[in-house]
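A.B. asks: Handing over protein-v6.cif, mmCIF, C-alpha atoms.
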```
data_input
loop_
_atom_site.label_atom_id
_atom_site.label_comp_id
_atom_site.auth_asym_id
_atom_site.auth_seq_id
_atom_site.Cartn_x
_atom_site.Cartn_y
_atom_site.Cartn_z
CA MET A 11 0.00 0.00 0.00
CA VAL A 12 2.74 2.51 0.92
CA LEU A 13 6.38 3.27 0.21
CA GLN A 14 8.61 4.33 3.08
CA PRO A 15 11.45 6.70 2.17
CA ASP A 16 14.93 5.32 2.72
CA TRP A 17 16.53 8.42 4.20
CA PRO A 18 18.17 9.53 7.47
CA ALA A 19 15.23 11.51 8.83
CA PRO A 20 14.93 11.95 12.62
CA ALA A 21 12.77 9.44 14.50
CA GLN A 22 9.93 11.91 15.09
CA VAL A 23 9.46 12.47 11.36
CA ARG A 24 7.01 10.10 9.65
CA ALA A 25 6.92 10.01 5.85
CA LEU A 26 5.01 7.79 3.42
CA MET A 27 3.95 7.65 -0.20
CA SER A 28 0.97 5.65 -1.35
CA SER A 29 0.96 3.30 -4.30
CA ARG A 30 -2.21 2.64 -6.28
CA VAL A 31 -3.01 -0.57 -4.35
CA GLY A 32 -4.68 -1.18 -1.02
CA GLY A 33 -7.87 0.83 -1.45
CA VAL A 34 -11.51 0.32 -2.40
CA SER A 35 -11.97 2.38 -5.58
CA GLN A 36 -13.17 0.72 -8.77
CA ALA A 37 -11.56 1.01 -12.22
CA PRO A 38 -10.18 3.26 -13.61
CA PHE A 39 -9.42 4.66 -10.15
CA ASP A 40 -8.45 1.29 -8.70
CA SER A 41 -7.77 1.10 -5.98
CA LEU A 42 -6.19 3.60 -3.55
CA ASN A 43 -7.31 6.83 -5.21
CA LEU A 44 -6.76 9.73 -2.78
CA ARG A 45 -7.90 12.69 -4.91
CA PRO A 46 -10.40 14.73 -2.84
CA VAL A 47 -13.95 15.14 -4.13
CA ALA A 48 -13.65 18.85 -3.33
CA LEU A 49 -11.26 19.28 -6.27
CA GLY A 50 -14.22 18.72 -8.61
CA GLY A 51 -13.99 17.85 -12.28
CA ALA A 52 -16.19 15.83 -14.59
CA ASP A 53 -14.50 12.49 -13.89
CA GLN A 54 -15.21 11.71 -10.27
CA ASP A 55 -14.53 8.64 -8.20
CA SER A 56 -17.00 7.57 -5.53
CA ALA A 57 -16.97 9.94 -2.55
CA ALA A 58 -17.37 7.00 -0.17
CA ALA A 59 -14.41 5.19 -1.73
CA ILE A 60 -12.18 8.26 -1.53
CA SER A 61 -13.13 8.82 2.11
CA GLU A 62 -12.20 5.25 3.01
CA ASN A 63 -8.97 5.44 1.02
CA GLN A 64 -7.98 8.65 2.79
CA ARG A 65 -8.83 7.10 6.16
CA ARG A 66 -6.55 4.14 5.43
CA PHE A 67 -3.71 6.37 4.29
CA GLY A 68 -3.99 8.63 7.34
CA ALA A 69 -4.00 5.60 9.64
CA ALA A 70 -0.84 4.27 8.00
CA LEU A 71 0.82 7.67 8.32
CA GLY A 72 -0.22 8.24 11.92
CA ALA A 73 -1.18 11.85 11.17
CA GLN A 74 -3.95 13.71 9.36
CA PRO A 75 -3.05 14.99 5.89
CA VAL A 76 -4.07 18.46 4.74
CA TRP A 77 -4.96 18.18 1.05
CA LEU A 78 -4.06 21.01 -1.31
CA ASN A 79 -5.68 22.48 -4.40
CA GLN A 80 -2.57 22.22 -6.56
CA VAL A 81 -2.16 24.63 -9.47
CA HIS A 82 1.39 23.87 -10.73
CA GLY A 83 2.79 27.00 -9.08
CA ALA A 84 5.25 27.83 -6.31
CA GLN A 85 3.03 28.95 -3.43
CA VAL A 86 3.86 27.35 -0.07
CA ARG A 87 1.21 27.07 2.65
CA ARG A 88 2.20 27.14 6.34
CA LEU A 89 -0.11 24.57 7.94
CA THR A 90 -1.61 24.61 11.42
CA ARG A 91 -4.23 22.49 13.18
CA ALA A 92 -6.88 24.92 11.90
CA ASP A 93 -6.29 23.50 8.42
CA LEU A 94 -7.71 20.16 9.62
CA ASP A 95 -11.21 21.67 9.85
CA PRO A 96 -13.31 19.44 7.54
CA GLY A 97 -15.36 22.45 6.47
CA ALA A 98 -12.38 24.52 5.33
CA ALA A 99 -11.66 25.07 1.66
CA LEU A 100 -8.61 23.27 0.33
CA PRO A 101 -5.61 25.63 0.42
CA VAL A 102 -4.48 26.73 -3.05
CA ALA A 103 -0.79 25.84 -3.03
CA ASP A 104 1.70 23.38 -4.46
CA ALA A 105 3.70 22.94 -1.28
CA ALA A 106 3.17 22.99 2.45
CA VAL A 107 5.32 23.35 5.54
CA CYS A 108 4.45 22.52 9.14
CA THR A 109 5.89 22.49 12.65
CA GLU A 110 2.83 21.12 14.50
CA PRO A 111 2.78 17.43 15.46
CA GLY A 112 0.02 15.33 13.92
CA VAL A 113 -0.59 17.65 10.95
CA ALA A 114 0.72 16.16 7.70
CA CYS A 115 1.93 18.03 4.64
CA ALA A 116 0.66 16.09 1.62
CA VAL A 117 0.85 16.38 -2.17
CA LEU A 118 -1.09 14.47 -4.82
CA VAL A 119 0.65 13.06 -7.90
CA ALA A 120 0.19 10.82 -10.92
CA ASP A 121 3.48 11.46 -12.82
CA CYS A 122 4.60 14.76 -11.27
CA LEU A 123 7.41 14.48 -8.74
CA PRO A 124 6.57 14.47 -5.02
CA VAL A 125 9.33 15.91 -2.84
CA LEU A 126 9.37 15.44 0.94
CA LEU A 127 11.61 17.65 3.07
CA CYS A 128 12.54 17.94 6.72
CA SER A 129 15.01 19.85 8.82
CA ALA A 130 17.85 17.70 10.10
CA ASP A 131 16.66 18.28 13.68
CA GLY A 132 13.13 17.09 12.81
CA ARG A 133 11.36 20.26 13.96
CA VAL A 134 10.01 21.24 10.51
CA VAL A 135 8.60 19.18 7.65
CA ALA A 136 7.46 20.07 4.13
CA ALA A 137 6.07 18.52 0.95
CA ALA A 138 6.16 19.86 -2.60
CA HIS A 139 4.38 18.96 -5.84
CA ALA A 140 6.99 19.34 -8.55
CA GLY A 141 6.01 18.86 -12.16
CA TRP A 142 7.94 20.73 -14.80
CA ARG A 143 5.75 23.82 -14.39
CA GLY A 144 6.33 23.82 -10.64
CA LEU A 145 10.08 23.40 -11.12
CA ALA A 146 10.08 26.28 -13.59
CA ALA A 147 8.12 28.43 -11.12
CA GLY A 148 10.59 27.67 -8.32
CA VAL A 149 8.47 25.51 -6.05
CA LEU A 150 11.44 23.66 -4.57
CA GLN A 151 13.44 26.79 -3.83
CA ALA A 152 10.33 28.33 -2.23
CA SER A 153 9.72 25.19 -0.16
CA VAL A 154 13.26 25.08 1.20
CA ALA A 155 13.12 28.79 2.00
CA ALA A 156 9.79 28.35 3.83
CA LEU A 157 11.16 25.40 5.79
CA ARG A 158 14.21 27.34 6.88
CA GLN A 159 12.05 30.33 7.80
CA ALA A 160 9.82 28.10 9.92
CA SER A 161 12.90 26.71 11.65
CA ALA A 162 14.17 30.25 12.36
CA ASP A 163 17.52 29.20 10.91
CA PRO A 164 18.34 30.51 7.42
CA ALA A 165 21.13 27.94 7.13
CA ALA A 166 19.21 24.95 8.51
CA GLU A 167 20.33 21.61 7.12
CA VAL A 168 17.55 20.09 5.00
CA LEU A 169 16.97 16.47 4.02
CA ALA A 170 15.04 15.59 0.85
CA TRP A 171 13.33 12.51 -0.58
CA LEU A 172 12.19 12.33 -4.19
CA GLY A 173 9.32 9.93 -4.78
CA PRO A 174 8.34 7.98 -7.91
CA CYS A 175 7.54 10.13 -10.95
CA ILE A 176 7.53 9.92 -14.72
CA GLY A 177 10.95 8.64 -15.77
CA ALA A 178 13.27 10.07 -18.37
CA ALA A 179 12.48 7.31 -20.87
CA ALA A 180 8.78 8.28 -20.82
CA PHE A 181 8.92 12.05 -20.33
CA GLU A 182 8.86 13.51 -23.83
CA VAL A 183 8.98 17.31 -24.00
CA GLY A 184 9.24 20.06 -26.57
CA VAL A 185 11.24 23.24 -26.88
CA ASP A 186 8.71 25.10 -24.71
CA VAL A 187 9.61 22.95 -21.69
CA LEU A 188 13.31 23.37 -22.36
CA ALA A 189 12.87 27.15 -22.42
CA ALA A 190 10.78 27.16 -19.23
CA LEU A 191 13.50 25.22 -17.42
CA GLY A 192 16.34 27.42 -18.60
CA ALA A 193 17.61 25.20 -21.42
CA SER A 194 17.65 25.50 -25.20
CA PRO A 195 17.99 23.18 -28.22
CA GLU A 196 21.54 24.45 -28.66
CA GLN A 197 22.46 23.96 -24.97
CA PRO A 198 20.00 21.49 -23.43
CA GLY A 199 22.31 20.39 -20.64
CA PRO A 200 22.65 16.90 -19.16
CA ARG A 201 19.02 16.58 -18.01
CA PHE A 202 17.64 16.54 -21.58
CA VAL A 203 18.39 13.99 -24.30
CA PHE A 204 17.45 14.77 -27.89
CA SER A 205 15.08 12.12 -29.22
CA PRO A 206 13.35 13.18 -32.45
CA ARG A 207 9.93 11.84 -33.34
CA PRO A 208 9.57 9.43 -36.29
CA ASP A 209 8.47 12.35 -38.49
CA GLY A 210 11.68 14.21 -37.63
CA SER A 211 10.11 16.89 -35.45
CA ALA A 212 12.02 17.99 -32.38
CA ARG A 213 11.54 16.17 -29.09
CA TRP A 214 13.62 15.63 -26.00
CA ARG A 215 13.40 13.24 -23.06
CA ALA A 216 13.65 15.00 -19.72
CA ASP A 217 14.95 13.78 -16.37
CA LEU A 218 12.41 15.32 -13.97
CA ALA A 219 14.02 13.94 -10.81
CA GLY A 220 17.45 15.11 -11.99
CA LEU A 221 16.11 18.60 -12.66
CA ALA A 222 14.73 18.65 -9.13
CA GLN A 223 18.05 17.54 -7.67
CA ASP A 224 19.81 20.37 -9.48
CA ARG A 225 17.45 22.91 -7.93
CA LEU A 226 17.82 21.46 -4.46
CA HIS A 227 21.61 21.44 -4.72
CA ALA A 228 21.48 25.09 -5.79
CA VAL A 229 19.87 26.07 -2.46
CA GLY A 230 22.25 24.03 -0.33
CA VAL A 231 20.37 20.75 0.03
CA SER A 232 22.97 17.99 -0.29
CA GLN A 233 21.30 15.06 1.46
CA ILE A 234 18.93 13.85 -1.25
CA ARG A 235 17.54 10.34 -1.65
CA SER A 236 15.42 9.21 -4.58
CA ALA A 237 12.98 6.34 -5.04
CA GLY A 238 14.15 6.02 -8.64
CA ALA A 239 10.87 4.50 -9.87
CA CYS A 240 8.94 5.46 -13.01
CA THR A 241 5.18 5.85 -12.62
CA VAL A 242 4.51 5.32 -16.32
CA ALA A 243 6.46 2.07 -16.53
CA GLN A 244 4.88 0.35 -13.51
CA ALA A 245 1.15 0.21 -14.19
CA SER A 246 0.43 -2.30 -11.44
CA ARG A 247 2.00 -0.08 -8.76
CA PHE A 248 1.37 3.52 -9.76
CA PHE A 249 -1.25 5.81 -11.25
CA SER A 250 -0.03 7.65 -14.34
CA PHE A 251 -1.96 10.42 -16.07
CA ARG A 252 0.30 10.37 -19.12
CA ARG A 253 -0.17 6.62 -19.53
CA ASP A 254 -3.90 6.32 -18.72
CA GLY A 255 -5.50 9.76 -18.85
CA ARG A 256 -8.49 8.97 -16.63
CA THR A 257 -6.93 7.73 -13.42
CA GLY A 258 -6.52 8.22 -9.68
CA ARG A 259 -3.99 10.10 -7.60
CA MET A 260 -1.33 8.95 -5.14
CA ALA A 261 -0.10 10.97 -2.19
CA ALA A 262 3.23 11.63 -0.55
CA ALA A 263 2.96 12.95 2.99
CA ILE A 264 5.17 13.88 5.91
CA ALA A 265 4.45 14.79 9.49
CA ILE A 266 5.98 15.20 12.92
CA VAL A 267 4.45 12.43 14.96
CA PRO A 268 3.27 13.26 18.48
CA GLY A 269 5.84 12.21 21.04
#
```
Spell out the structure here as structure tokens.
C.D. replies:
Amino acid sequence: MVLQPDWPAPAQVRALMSSRVGGVSQAPFDSLNLRPVALGGADQDSAAAISENQRRFGAALGAQPVWLNQVHGAQVRRLTRADLDPGAALPVADAAVCTEPGVACAVLVADCLPVLLCSADGRVVAAAHAGWRGLAAGVLQASVAALRQASADPAAEVLAWLGPCIGAAAFEVGVDVLAALGASPEQPGPRFVFSPRPDGSARWRADLAGLAQDRLHAVGVSQIRSAGACTVAQASRFFSFRRDGRTGRMAAAIAIVPG
């Protein structure tokens, strides 16, 4: 049902990522779809199934996730216990940071990269939703800055875990993505490999996790671990929007567990 990050986080930090298995949703959302009903859209899973899936995930985590209305930007929400109010609107943000035990920062993904962060002393945790648009907007730099601000230490050591996402073999992009991420056809850099389409038109394959690592390194995060799994390639384990279109969402979440 869940993946546990292999990283040197302090004992009071609890982090998990769901797979697509272990829930009650029916196809094409089978089975552990965690996408909140409040996000709307024409293609909706059963509200009862989502509620049960979220209950199971929260129980496994040992904390209550705060779900976000993700918009592929760089806004970071500072979470408190008030955000657990079931009547509150979902915060519009692509990352969250928290210092309160029992309140989990969570991001939803189905090919985008989930990034979990914590201070080395375990007093602050954060989660970021990092697709290529989020990376271009600076979501990881903003998340690290918000974590350090919450820790009251501008030089706080930060640990990072990169969850499963679309792999470089499957992530085909055009010149617009190169430009958004500071590259060009003439100088694509090591994170892009030219791979023209059969008709000869330009296409590259992008290393999303590698691009994230570069941005984390640039803001002084050196302790980075990666799951190294491709969501597109492993249909039995992961939801993938690029592969399936109509599909569910997984979650990566992190919390300080009550001592």
A.B. asks: My list of candidates is A:Ala261, A:Leu226, A:Gln22, A:Ala58. Which is closest to Gln36 of chain A when distances are computed with only C-alpha atoms?
C.D. replies: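 Once distances to Gln36 of chain A are computed over only C-alpha atoms, the minimum belongs to A:Ala58.
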A.B. asks: I would like the residues chosen by the PyMOL selection byres ((chain A and resi 55) around 10) on the shown file; could you give them as a ChimeraX atom specification?
C.D. replies: /A:35-40,43-47,52-54,56-60,257-258
A.B. asks: So that I have them on file, write out the residues from the current selection with C-alpha atoms, as a PDB file, keeping the file's coordinate frame.
C.D. replies:
```pdb
ATOM      1  CA  SER A  35     -11.970   2.380  -5.580  1.00  0.00           C
ATOM      2  CA  GLN A  36     -13.170   0.720  -8.770  1.00  0.00           C
ATOM      3  CA  ALA A  37     -11.560   1.010 -12.220  1.00  0.00           C
ATOM      4  CA  PRO A  38     -10.180   3.260 -13.610  1.00  0.00           C
ATOM      5  CA  PHE A  39      -9.420   4.660 -10.150  1.00  0.00           C
ATOM      6  CA  ASP A  40      -8.450   1.290  -8.700  1.00  0.00           C
ATOM      7  CA  ASN A  43      -7.310   6.830  -5.210  1.00  0.00           C
ATOM      8  CA  LEU A  44      -6.760   9.730  -2.780  1.00  0.00           C
ATOM      9  CA  ARG A  45      -7.900  12.690  -4.910  1.00  0.00           C
ATOM     10  CA  PRO A  46     -10.400  14.730  -2.840  1.00  0.00           C
ATOM     11  CA  VAL A  47     -13.950  15.140  -4.130  1.00  0.00           C
ATOM     12  CA  ALA A  52     -16.190  15.830 -14.590  1.00  0.00           C
ATOM     13  CA  ASP A  53     -14.500  12.490 -13.890  1.00  0.00           C
ATOM     14  CA  GLN A  54     -15.210  11.710 -10.270  1.00  0.00           C
ATOM     15  CA  SER A  56     -17.000   7.570  -5.530  1.00  0.00           C
ATOM     16  CA  ALA A  57     -16.970   9.940  -2.550  1.00  0.00           C
ATOM     17  CA  ALA A  58     -17.370   7.000  -0.170  1.00  0.00           C
ATOM     18  CA  ALA A  59     -14.410   5.190  -1.730  1.00  0.00           C
ATOM     19  CA  ILE A  60     -12.180   8.260  -1.530  1.00  0.00           C
ATOM     20  CA  THR A 257      -6.930   7.730 -13.420  1.00  0.00           C
ATOM     21  CA  GLY A 258      -6.520   8.220  -9.680  1.00  0.00           C
TER      22      GLY A 258
END
```
A.B. asks: For Ala160 of chain A, which residue out of A:Gly132, A:Gly68, A:Gly184, A:Gly173 is the nearest one, using all atoms listed in the file?
C.D. replies: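 Using all atoms listed in the file, Ala160 of chain A sits closest to A:Gly132.
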A.B. asks: Rank nothing, just name the residue among A:Asp209, A:Gly199, A:Gly51, A:Ala69 nearest to Arg256 of chain A, using all atoms listed in the file.
C.D. replies: A:Gly51
A.B. asks: Could you list the residues chosen by the PyMOL selection byres ((chain A and resi 142) around 8) in this structure as a list of chain:residue names?
C.D. replies: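 Output of the PyMOL selection byres ((chain A and resi 142) around 8): A:Cys122, A:Ala140, A:Gly141, A:Arg143, A:Gly144, A:Leu145, A:Ala146, A:Val187, A:Leu191, A:Leu218.
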A.B. asks: Do you have the atom CA of Leu221 of chain A-atom CA of Val134 of chain A distance handy?
C.D. replies: 24.1 Å
A.B. asks: Counting all atoms listed in the file, which residues in segment 121-222 of chain A sit no more than 8 Å from segment 84-96 of chain A? For each one, give the nearest pair of atoms and the distance in Å, sorted by chain then residue number, as a Markdown table.
C.D. replies:
```
| residue | atom | partner | partner_atom | distance |
| --- | --- | --- | --- | --- |
| A:Gly144 | CA | A:Ala84 | CA | 6.0 |
| A:Ala147 | CA | A:Ala84 | CA | 5.6 |
| A:Gly148 | CA | A:Ala84 | CA | 5.7 |
| A:Val149 | CA | A:Ala84 | CA | 4.0 |
| A:Leu150 | CA | A:Ala84 | CA | 7.7 |
| A:Ala152 | CA | A:Ala84 | CA | 6.5 |
| A:Ser153 | CA | A:Val86 | CA | 6.2 |
| A:Ala156 | CA | A:Val86 | CA | 7.2 |
```
A.B. asks: Give me, please, the distance in Å between atom CA of Leu126 of chain A and atom CA of Trp214 of chain A, quoted to one decimal.
C.D. replies: 27.3 Å
A.B. asks: Which residues come within 10 Å of Arg24 of chain A, counting only C-alpha atoms, excluding same-chain residues fewer than 6 positions away, as a list in words?
C.D. replies: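 After dropping sequence-adjacent residues, the list is Gln14, Pro15, Ala70, Leu71, Gly72, Ala73, Gly112, Ala114, Gly132, Val135, Ala263, Ile264, Ala265, Ile266 and Val267 of chain A.
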A.B. asks: Excluding Arg259 of chain A and residues on its chain fewer than 4 positions from it, collect all residues at most 10 Å away from it, counting all atoms listed in the file, and give them as number ranges by chain.
C.D. replies: A: 28-30, 39-46, 117-121, 248-251
A.B. asks: For the residues selected in the previous step, produce a file with C-alpha atoms as a CSV table (one decimal), in the frame of the given file.
C.D. replies:
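Just written: part_28.csv:
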```
chain,number,residue,atom,x,y,z
A,28,SER,CA,1.0,5.6,-1.4
A,29,SER,CA,1.0,3.3,-4.3
A,30,ARG,CA,-2.2,2.6,-6.3
A,39,PHE,CA,-9.4,4.7,-10.2
A,40,ASP,CA,-8.4,1.3,-8.7
A,41,SER,CA,-7.8,1.1,-6.0
A,42,LEU,CA,-6.2,3.6,-3.6
A,43,ASN,CA,-7.3,6.8,-5.2
A,44,LEU,CA,-6.8,9.7,-2.8
A,45,ARG,CA,-7.9,12.7,-4.9
A,46,PRO,CA,-10.4,14.7,-2.8
A,117,VAL,CA,0.8,16.4,-2.2
A,118,LEU,CA,-1.1,14.5,-4.8
A,119,VAL,CA,0.6,13.1,-7.9
A,120,ALA,CA,0.2,10.8,-10.9
A,121,ASP,CA,3.5,11.5,-12.8
A,248,PHE,CA,1.4,3.5,-9.8
A,249,PHE,CA,-1.2,5.8,-11.2
A,250,SER,CA,0.0,7.6,-14.3
A,251,PHE,CA,-2.0,10.4,-16.1
```
A.B. asks: Could you expand the PyMOL selection byres ((chain A and resi 13) around 6) into the explicit residues it covers here, written as a list of chain:residue names?
C.D. replies: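 Applied to this file, the PyMOL selection byres ((chain A and resi 13) around 6) returns A:Val12, A:Gln14, A:Leu26, A:Met27.
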